[in-house]
Amino acid sequence: MANRWAEIVLVGYGIVGRILKAVTAEARADGINVGVLRPITLYPFPKASFQRLAERARIFVVVEMSNGQMVEDVRLALNGVRPVEFFGRSGGNVPSHEEVLALVRGLARSLPAKQRGVPSP
């Protein structure tokens with residue numbers, strides 16, 4: 001679901017990836033340019049996928065059920081080209097759809113107006 005036109009890229013694996021897929025669908029219905037990058041394997045890390053998306057994306061958001069083990073890999077892959085936010089829950093707590101969607105909506109509001117909206121096909 002990561003599209004080259006996404007300005008906000010959500011990153012997550014496992015069960016979090018399923019949550020991000022639902023968040024992305026709802027956010028897109030609201031006109032927010034968002035996509036998901038769900039790595040299937042973490043080694044070797046899919047550095048090229050992140051770099052390709054960074055050509056258009058304005059921000060990456062790593063969502064994890066941990067204290068942020070993958071966020072550093074994402075930051076290294078992007079090499080400072082784009083900001084990387086972290087949203088995590090530890091202790092087996094799953095981030096809720098509503099929490100992540102609220103975060104995405106807040107980030108979308110913080111983008112300059114010319115960068116908002118889903119492009120016409």
# chains A, B, ... in the order shown; residues from 1 in each chain; ligands from 1
>>> select_by_dssp(residues="region 13-119 of chain A", states="strand (DSSP E)", output="PyMOL selection string")
chain A and resi 34-37+59-64+84-88
>>> residues_around(residues="region 6-12 of chain A", least_positions_apart="3", cutoff="7 Å", atoms="only C-alpha atoms", output="number ranges by chain")
A: 2-3, 16-17, 20, 33-38, 56-64
>>> closest_residue(among="A:Leu107, A:Ala25, A:Ala102, A:Ile32", to="Glu85 (chain A)", atoms="only C-alpha atoms")
A:Leu107
>>> select_by_dssp(residues="chain A", states="helix (DSSP H, G or I)", output="ChimeraX atom specification")
/A:15-29,47-53,71-78,97-110,113-115
>>> write_last_selection(atoms="C-alpha atoms", output="compact mmCIF listing (two decimals), in the first residue's frame")
# COMPACT_ATOMS: atom_id res chain seq x y z
CA ILE A 15 -0.10 -7.19 13.37
CA VAL A 16 0.73 -3.48 13.34
CA GLY A 17 0.91 -3.65 9.54
CA ARG A 18 -2.75 -4.74 9.46
CA ILE A 19 -3.72 -1.78 11.65
CA LEU A 20 -1.79 0.58 9.40
CA LYS A 21 -3.58 -0.78 6.34
CA ALA A 22 -6.97 0.10 7.89
CA VAL A 23 -5.71 3.52 9.03
CA THR A 24 -4.43 4.24 5.54
CA ALA A 25 -7.77 3.40 3.93
CA GLU A 26 -9.65 5.72 6.28
CA ALA A 27 -7.09 8.52 5.99
CA ARG A 28 -7.16 8.33 2.19
CA ALA A 29 -10.96 8.60 2.30
CA LYS A 47 16.83 0.38 2.43
CA ALA A 48 16.12 0.97 -1.28
CA SER A 49 12.35 0.94 -0.69
CA PHE A 50 12.67 3.68 1.91
CA GLN A 51 14.95 5.76 -0.28
CA ARG A 52 12.57 5.46 -3.24
CA LEU A 53 9.60 6.62 -1.15
CA VAL A 71 12.95 3.18 14.09
CA GLU A 72 16.75 3.43 14.11
CA ASP A 73 16.97 1.20 11.01
CA VAL A 74 14.53 3.51 9.23
CA ARG A 75 16.51 6.59 10.25
CA LEU A 76 19.72 4.99 8.99
CA ALA A 77 18.07 3.99 5.69
CA LEU A 78 16.86 7.56 5.12
CA HIS A 97 -6.55 2.29 14.98
CA GLU A 98 -7.94 5.48 16.53
CA GLU A 99 -4.60 6.51 18.07
CA VAL A 100 -2.68 6.05 14.85
CA LEU A 101 -5.38 7.75 12.77
CA ALA A 102 -5.35 10.75 15.12
CA LEU A 103 -1.57 10.95 14.72
CA VAL A 104 -1.86 10.82 10.92
CA ARG A 105 -4.55 13.51 10.88
CA GLY A 106 -2.38 15.74 13.09
CA LEU A 107 0.63 15.27 10.84
CA ALA A 108 -1.49 16.00 7.75
CA ARG A 109 -2.67 19.27 9.31
CA SER A 110 0.94 20.25 9.98
CA ALA A 113 -1.57 23.30 2.39
CA LYS A 114 -0.08 22.80 -1.08
CA GLN A 115 1.09 19.32 -0.05
>>> closest_residue(among="A:Gly91, A:Gly14, A:Gly80, A:Pro112", to="Asn67 (chain A)", atoms="only C-alpha atoms")
A:Gly91
>>> closest_residue(among="A:Gly31, A:Leu42, A:Met65, A:Leu111", to="Val94 (chain A)", atoms="only C-alpha atoms")
A:Met65
>>> atom_distance(atom1="CA of Asn93 (chain A)", atom2="CA of Pro39 (chain A)")
20.6 Å
